[in-house]
Amino acid sequence: MAIAKKINGFMTQSSFIRKMFEEGLRLKRQYGAENVFDFSLGNPNIDPPEAVKARLCELVSADIPGKHMYMPNAGYPDTRAAVAAELRESRGVALKADQIVMTCGAGGALNVILKTILDPGDEVIMLAPFFVEYRFYADNAGGVSRVVSNREDFSLDLDAIRQAVTEKTRAVLINSPNNPTGKVFDEDSIRGLATLLTEKGREIGREILLISDEPYSEIVYDGVHLPSVMKAYPHSFIASSYSKSLSLPGERIGYIAANPAMEGLEEVMGGLTLCNRILGFVNAPSLMQRAIAGLKGVKVDVETYRRKRDLLCEGLASVGYEIVKPDGAFYLFPRTPIADDVLFADALRKRRILTVPGSGFCGPGHIRIAYCVDDATILGAIDGFGEVLKEFK
């Protein structure tokens, strides 16, 4: 075998999303794109705001000395200052540029954080359902994943988290708004989690770090408020990106914010900056860093996603699906009528409706439907969703 056994196993575990995406490409070639209903990939279908395009055009043509040269590994000082200023307003903590590291997307941010904080064998509690690659990120840093299931409505199960903490627990990783459920963890849940981690940290004799993965933080609906983990808990990080808020997933621009109240902050920032370099990222893309610094307050039209959410939820409810309406992001995670979600997703595939089995997110008995698609895809799939549901009832 040419590759490591562990990687071969990882490929099997992570295959659902990519498999469905590639199947979608095959089916579109065979039947035509208009006859395939592809909900497999969370790839924003809204163009970046006009301000983003204007800013990039301005930067490309501007005569800036050293425009494409290396910069400090943590990022341009003015970009870090701009990110810190936005977070001061939205998260309510006194963040400064020195507490920001610019990264290659939120995935890069999470890898840098975990590499910085984990010793071999340290445990990271992950709350299911969660993005499939979290476990691989922890493994990259020598960590061990401990999976804890959320409640039926996808809210935090604090008792289950408490029971999962051991002397090896180093961090808890949360994602809100959540991929794949769209759940936003409310203020009481975040405060309860902070209290729990404080108590358990004293019990095991070291701080338990809280990592909040927030690339969907700007995509929330119906007046839902995203609580600040940094106000609630001093030993916290935010990992985020502009992939969803500005529809720039291919540009790989994100950041880490470390809580200014964190113990040993100067050493932590040094570790994050070093790991940004030695993991091979070196630094976030220079052009995108310069762009972000001039785009304060700009984001995609969230109302468009809200309308798509309602269109899909109403359509699926009308043909008999159990729906927990998402608070944010652009995913729906309905329950399947049978325990075997892989079988159910395959039945949908046979009708050229592509979803991802919940098992791929440690959420069996569900499917993930990414509704960042054309309205025609949503409307054209509803009857097929209903027909497949009837087959299993």
# chains A, B, ... in the order shown; residues from 1 in each chain; ligands from 1
$ select_by_dssp --residues "stretch 272-370 of chain A" --states "alpha helix (DSSP H)" --output "PyMOL selection string"
chain A and resi 272-278+286-293+302-318+341-349
$ write_last_selection --atoms "N, CA and C atoms" --output "short mmCIF file (atom, residue, chain, number, x, y, z; two decimals), in the first residue's frame"
data_model
loop_
_atom_site.label_atom_id
_atom_site.label_comp_id
_atom_site.auth_asym_id
_atom_site.auth_seq_id
_atom_site.Cartn_x
_atom_site.Cartn_y
_atom_site.Cartn_z
N LEU A 272 1.01 30.18 18.91
CA LEU A 272 0.13 30.23 17.74
C LEU A 272 0.89 30.71 16.50
N THR A 273 1.71 31.73 16.69
CA THR A 273 2.46 32.28 15.55
C THR A 273 3.46 31.26 15.03
N LEU A 274 4.14 30.57 15.94
CA LEU A 274 5.09 29.53 15.52
C LEU A 274 4.37 28.42 14.76
N CYS A 275 3.24 27.95 15.30
CA CYS A 275 2.53 26.84 14.67
C CYS A 275 1.93 27.23 13.33
N ASN A 276 1.55 28.49 13.18
CA ASN A 276 1.08 28.96 11.88
C ASN A 276 2.16 28.75 10.82
N ARG A 277 3.42 28.92 11.24
CA ARG A 277 4.54 28.77 10.32
C ARG A 277 4.90 27.30 10.12
N ILE A 278 5.07 26.55 11.19
CA ILE A 278 5.63 25.21 11.06
C ILE A 278 4.62 24.18 10.56
N SER A 286 -1.58 37.26 1.34
CA SER A 286 -1.31 38.69 1.53
C SER A 286 -2.42 39.57 0.94
N LEU A 287 -2.85 39.27 -0.28
CA LEU A 287 -3.85 40.11 -0.93
C LEU A 287 -5.16 40.09 -0.15
N MET A 288 -5.56 38.90 0.34
CA MET A 288 -6.81 38.82 1.08
C MET A 288 -6.70 39.48 2.44
N GLN A 289 -5.53 39.44 3.07
CA GLN A 289 -5.35 40.18 4.32
C GLN A 289 -5.56 41.66 4.10
N ARG A 290 -4.97 42.17 3.03
CA ARG A 290 -5.14 43.61 2.74
C ARG A 290 -6.60 43.94 2.42
N ALA A 291 -7.28 43.03 1.75
CA ALA A 291 -8.69 43.27 1.42
C ALA A 291 -9.53 43.34 2.69
N ILE A 292 -9.37 42.37 3.57
CA ILE A 292 -10.18 42.30 4.78
C ILE A 292 -10.05 43.56 5.63
N ALA A 293 -8.85 44.13 5.65
CA ALA A 293 -8.62 45.32 6.48
C ALA A 293 -9.49 46.50 6.05
N VAL A 302 -27.82 38.17 4.16
CA VAL A 302 -28.28 37.03 4.94
C VAL A 302 -29.75 36.72 4.68
N GLU A 303 -30.51 37.73 4.30
CA GLU A 303 -31.93 37.54 4.02
C GLU A 303 -32.14 36.51 2.90
N THR A 304 -31.21 36.46 1.97
CA THR A 304 -31.32 35.48 0.88
C THR A 304 -31.26 34.06 1.42
N TYR A 305 -30.35 33.82 2.35
CA TYR A 305 -30.26 32.48 2.95
C TYR A 305 -31.49 32.19 3.83
N ARG A 306 -31.98 33.22 4.54
CA ARG A 306 -33.17 32.99 5.37
C ARG A 306 -34.35 32.57 4.51
N ARG A 307 -34.50 33.21 3.36
CA ARG A 307 -35.59 32.87 2.47
C ARG A 307 -35.45 31.44 1.93
N LYS A 308 -34.24 31.04 1.61
CA LYS A 308 -34.00 29.67 1.14
C LYS A 308 -34.29 28.67 2.26
N ARG A 309 -33.90 29.01 3.48
CA ARG A 309 -34.20 28.15 4.63
C ARG A 309 -35.70 27.92 4.75
N ASP A 310 -36.46 29.01 4.69
CA ASP A 310 -37.91 28.89 4.85
C ASP A 310 -38.54 28.11 3.71
N LEU A 311 -38.04 28.33 2.51
CA LEU A 311 -38.54 27.61 1.34
C LEU A 311 -38.35 26.11 1.51
N LEU A 312 -37.16 25.72 1.96
CA LEU A 312 -36.87 24.30 2.14
C LEU A 312 -37.64 23.71 3.32
N CYS A 313 -37.65 24.41 4.46
CA CYS A 313 -38.34 23.89 5.64
C CYS A 313 -39.84 23.70 5.38
N GLU A 314 -40.45 24.70 4.77
CA GLU A 314 -41.88 24.60 4.48
C GLU A 314 -42.17 23.48 3.49
N GLY A 315 -41.31 23.34 2.49
CA GLY A 315 -41.51 22.29 1.51
C GLY A 315 -41.36 20.90 2.10
N LEU A 316 -40.33 20.68 2.90
CA LEU A 316 -40.12 19.36 3.50
C LEU A 316 -41.19 19.04 4.54
N ALA A 317 -41.58 20.04 5.33
CA ALA A 317 -42.65 19.80 6.31
C ALA A 317 -43.95 19.42 5.62
N SER A 318 -44.18 19.99 4.46
CA SER A 318 -45.43 19.72 3.74
C SER A 318 -45.51 18.29 3.22
N ASP A 341 -29.34 5.98 7.99
CA ASP A 341 -29.35 7.23 7.22
C ASP A 341 -28.58 7.08 5.91
N VAL A 342 -27.60 6.19 5.87
CA VAL A 342 -26.85 5.96 4.64
C VAL A 342 -27.77 5.37 3.57
N LEU A 343 -28.58 4.40 3.98
CA LEU A 343 -29.54 3.78 3.06
C LEU A 343 -30.55 4.81 2.56
N PHE A 344 -31.02 5.66 3.46
CA PHE A 344 -32.01 6.67 3.08
C PHE A 344 -31.39 7.68 2.11
N ALA A 345 -30.16 8.12 2.39
CA ALA A 345 -29.49 9.06 1.48
C ALA A 345 -29.27 8.43 0.11
N ASP A 346 -29.00 7.14 0.10
CA ASP A 346 -28.80 6.46 -1.18
C ASP A 346 -30.11 6.38 -1.97
N ALA A 347 -31.24 6.19 -1.26
CA ALA A 347 -32.53 6.19 -1.94
C ALA A 347 -32.82 7.55 -2.57
N LEU A 348 -32.44 8.63 -1.86
CA LEU A 348 -32.59 9.96 -2.44
C LEU A 348 -31.68 10.13 -3.66
N ARG A 349 -30.46 9.61 -3.54
CA ARG A 349 -29.52 9.72 -4.65
C ARG A 349 -30.09 9.09 -5.92
#
$ residues_around --residues "A:Lys53" --least-positions-apart "4" --cutoff "12 Å" --atoms "only C-alpha atoms" --output "count of residues only"
16
$ closest_residue --among "A:Arg135, A:Lys67, A:Arg206, A:Arg252" --to "A:Met102" --atoms "only C-alpha atoms"
A:Arg252
$ atom_distance --atom1 "atom CA of A:Glu207" --atom2 "atom CA of A:Pro260"
15.1 Å
$ residues_around --residues "A:Val224" --least-positions-apart "2" --cutoff "9 Å" --atoms "only C-alpha atoms" --output "JSON, numbers by chain"
{"A": [184, 186, 220, 221, 222, 226, 327, 328]}
$ closest_atom_pairs --of "stretch 350-390 of chain A" --to "stretch 141-149 of chain A" --cutoff "12 Å" --atoms "only C-alpha atoms" --output "Markdown table"
| residue | atom | partner | partner_atom | distance |
| --- | --- | --- | --- | --- |
| A:Phe361 | CA | A:Val147 | CA | 10.8 |
| A:Cys362 | CA | A:Ser149 | CA | 8.3 |
| A:Gly363 | CA | A:Ser149 | CA | 8.2 |
| A:Pro364 | CA | A:Ser149 | CA | 10.8 |
$ write_last_selection --atoms "N, CA and C atoms" --output "mmCIF file, in the first residue's frame"
data_model
loop_
_atom_site.group_PDB
_atom_site.id
_atom_site.type_symbol
_atom_site.label_atom_id
_atom_site.label_comp_id
_atom_site.auth_asym_id
_atom_site.auth_seq_id
_atom_site.Cartn_x
_atom_site.Cartn_y
_atom_site.Cartn_z
ATOM 1 N N PHE A 361 -21.297 13.027 10.269
ATOM 2 C CA PHE A 361 -21.116 14.103 11.244
ATOM 3 C C PHE A 361 -21.303 13.597 12.680
ATOM 4 N N CYS A 362 -21.231 12.286 12.869
ATOM 5 C CA CYS A 362 -21.541 11.666 14.168
ATOM 6 C C CYS A 362 -22.970 11.992 14.592
ATOM 7 N N GLY A 363 -23.861 12.088 13.613
ATOM 8 C CA GLY A 363 -25.271 12.346 13.888
ATOM 9 C C GLY A 363 -26.138 11.374 13.123
ATOM 10 N N PRO A 364 -26.040 10.066 13.411
ATOM 11 C CA PRO A 364 -26.811 9.075 12.647
ATOM 12 C C PRO A 364 -28.308 9.305 12.784
#
$ decode --residues "stretch 30-58 of chain A" --atoms "N, CA and C atoms" --output "short mmCIF file (atom, residue, chain, number, x, y, z; two decimals), in the first residue's frame"
data_model
loop_
_atom_site.label_atom_id
_atom_site.label_comp_id
_atom_site.auth_asym_id
_atom_site.auth_seq_id
_atom_site.Cartn_x
_atom_site.Cartn_y
_atom_site.Cartn_z
N GLN A 30 -24.54 13.28 -16.89
CA GLN A 30 -25.41 12.28 -17.50
C GLN A 30 -26.81 12.81 -17.79
N TYR A 31 -27.38 13.58 -16.84
CA TYR A 31 -28.78 13.98 -16.96
C TYR A 31 -28.98 15.48 -17.21
N GLY A 32 -27.92 16.25 -17.10
CA GLY A 32 -28.04 17.70 -17.18
C GLY A 32 -28.17 18.31 -15.80
N ALA A 33 -27.52 19.43 -15.58
CA ALA A 33 -27.48 20.04 -14.24
C ALA A 33 -28.87 20.37 -13.70
N GLU A 34 -29.79 20.74 -14.61
CA GLU A 34 -31.13 21.14 -14.17
C GLU A 34 -31.95 19.96 -13.66
N ASN A 35 -31.48 18.74 -13.91
CA ASN A 35 -32.21 17.55 -13.48
C ASN A 35 -31.55 16.83 -12.31
N VAL A 36 -30.59 17.49 -11.68
CA VAL A 36 -29.90 16.94 -10.50
C VAL A 36 -30.04 17.96 -9.38
N PHE A 37 -30.39 17.49 -8.19
CA PHE A 37 -30.68 18.38 -7.06
C PHE A 37 -29.61 18.15 -5.99
N ASP A 38 -28.56 18.95 -6.10
CA ASP A 38 -27.34 18.70 -5.33
C ASP A 38 -27.29 19.59 -4.08
N PHE A 39 -27.51 18.96 -2.92
CA PHE A 39 -27.45 19.65 -1.62
C PHE A 39 -26.26 19.16 -0.80
N SER A 40 -25.22 18.66 -1.48
CA SER A 40 -24.16 17.95 -0.77
C SER A 40 -23.12 18.85 -0.12
N LEU A 41 -22.80 19.97 -0.74
CA LEU A 41 -21.63 20.74 -0.33
C LEU A 41 -22.04 22.12 0.19
N GLY A 42 -21.45 22.53 1.30
CA GLY A 42 -21.72 23.85 1.85
C GLY A 42 -20.90 24.91 1.15
N ASN A 43 -21.17 25.08 -0.13
CA ASN A 43 -20.40 26.00 -0.97
C ASN A 43 -21.29 27.21 -1.28
N PRO A 44 -21.03 28.39 -0.69
CA PRO A 44 -21.94 29.53 -0.85
C PRO A 44 -22.24 29.82 -2.32
N ASN A 45 -23.53 29.98 -2.64
CA ASN A 45 -23.90 30.27 -4.02
C ASN A 45 -24.26 31.75 -4.22
N ILE A 46 -24.04 32.55 -3.18
CA ILE A 46 -24.22 34.01 -3.30
C ILE A 46 -22.87 34.63 -3.63
N ASP A 47 -22.83 35.50 -4.64
CA ASP A 47 -21.58 36.17 -4.98
C ASP A 47 -21.10 37.06 -3.83
N PRO A 48 -19.80 37.28 -3.74
CA PRO A 48 -19.30 38.24 -2.74
C PRO A 48 -19.93 39.61 -2.95
N PRO A 49 -20.10 40.39 -1.89
CA PRO A 49 -20.65 41.74 -2.04
C PRO A 49 -19.81 42.58 -3.00
N GLU A 50 -20.44 43.57 -3.63
CA GLU A 50 -19.75 44.43 -4.59
C GLU A 50 -18.55 45.13 -3.95
N ALA A 51 -18.65 45.43 -2.65
CA ALA A 51 -17.54 46.10 -1.98
C ALA A 51 -16.28 45.24 -1.97
N VAL A 52 -16.47 43.91 -1.92
CA VAL A 52 -15.32 43.00 -1.96
C VAL A 52 -14.65 43.08 -3.33
N LYS A 53 -15.46 43.01 -4.38
CA LYS A 53 -14.90 43.08 -5.73
C LYS A 53 -14.18 44.40 -5.96
N ALA A 54 -14.78 45.50 -5.51
CA ALA A 54 -14.16 46.81 -5.69
C ALA A 54 -12.84 46.89 -4.93
N ARG A 55 -12.83 46.36 -3.72
CA ARG A 55 -11.61 46.39 -2.91
C ARG A 55 -10.49 45.58 -3.57
N LEU A 56 -10.82 44.42 -4.10
CA LEU A 56 -9.80 43.59 -4.74
C LEU A 56 -9.26 44.26 -6.00
N CYS A 57 -10.15 44.85 -6.79
CA CYS A 57 -9.70 45.57 -7.99
C CYS A 57 -8.76 46.72 -7.62
N GLU A 58 -9.10 47.41 -6.57
CA GLU A 58 -8.27 48.52 -6.09
C GLU A 58 -6.88 48.03 -5.68
#
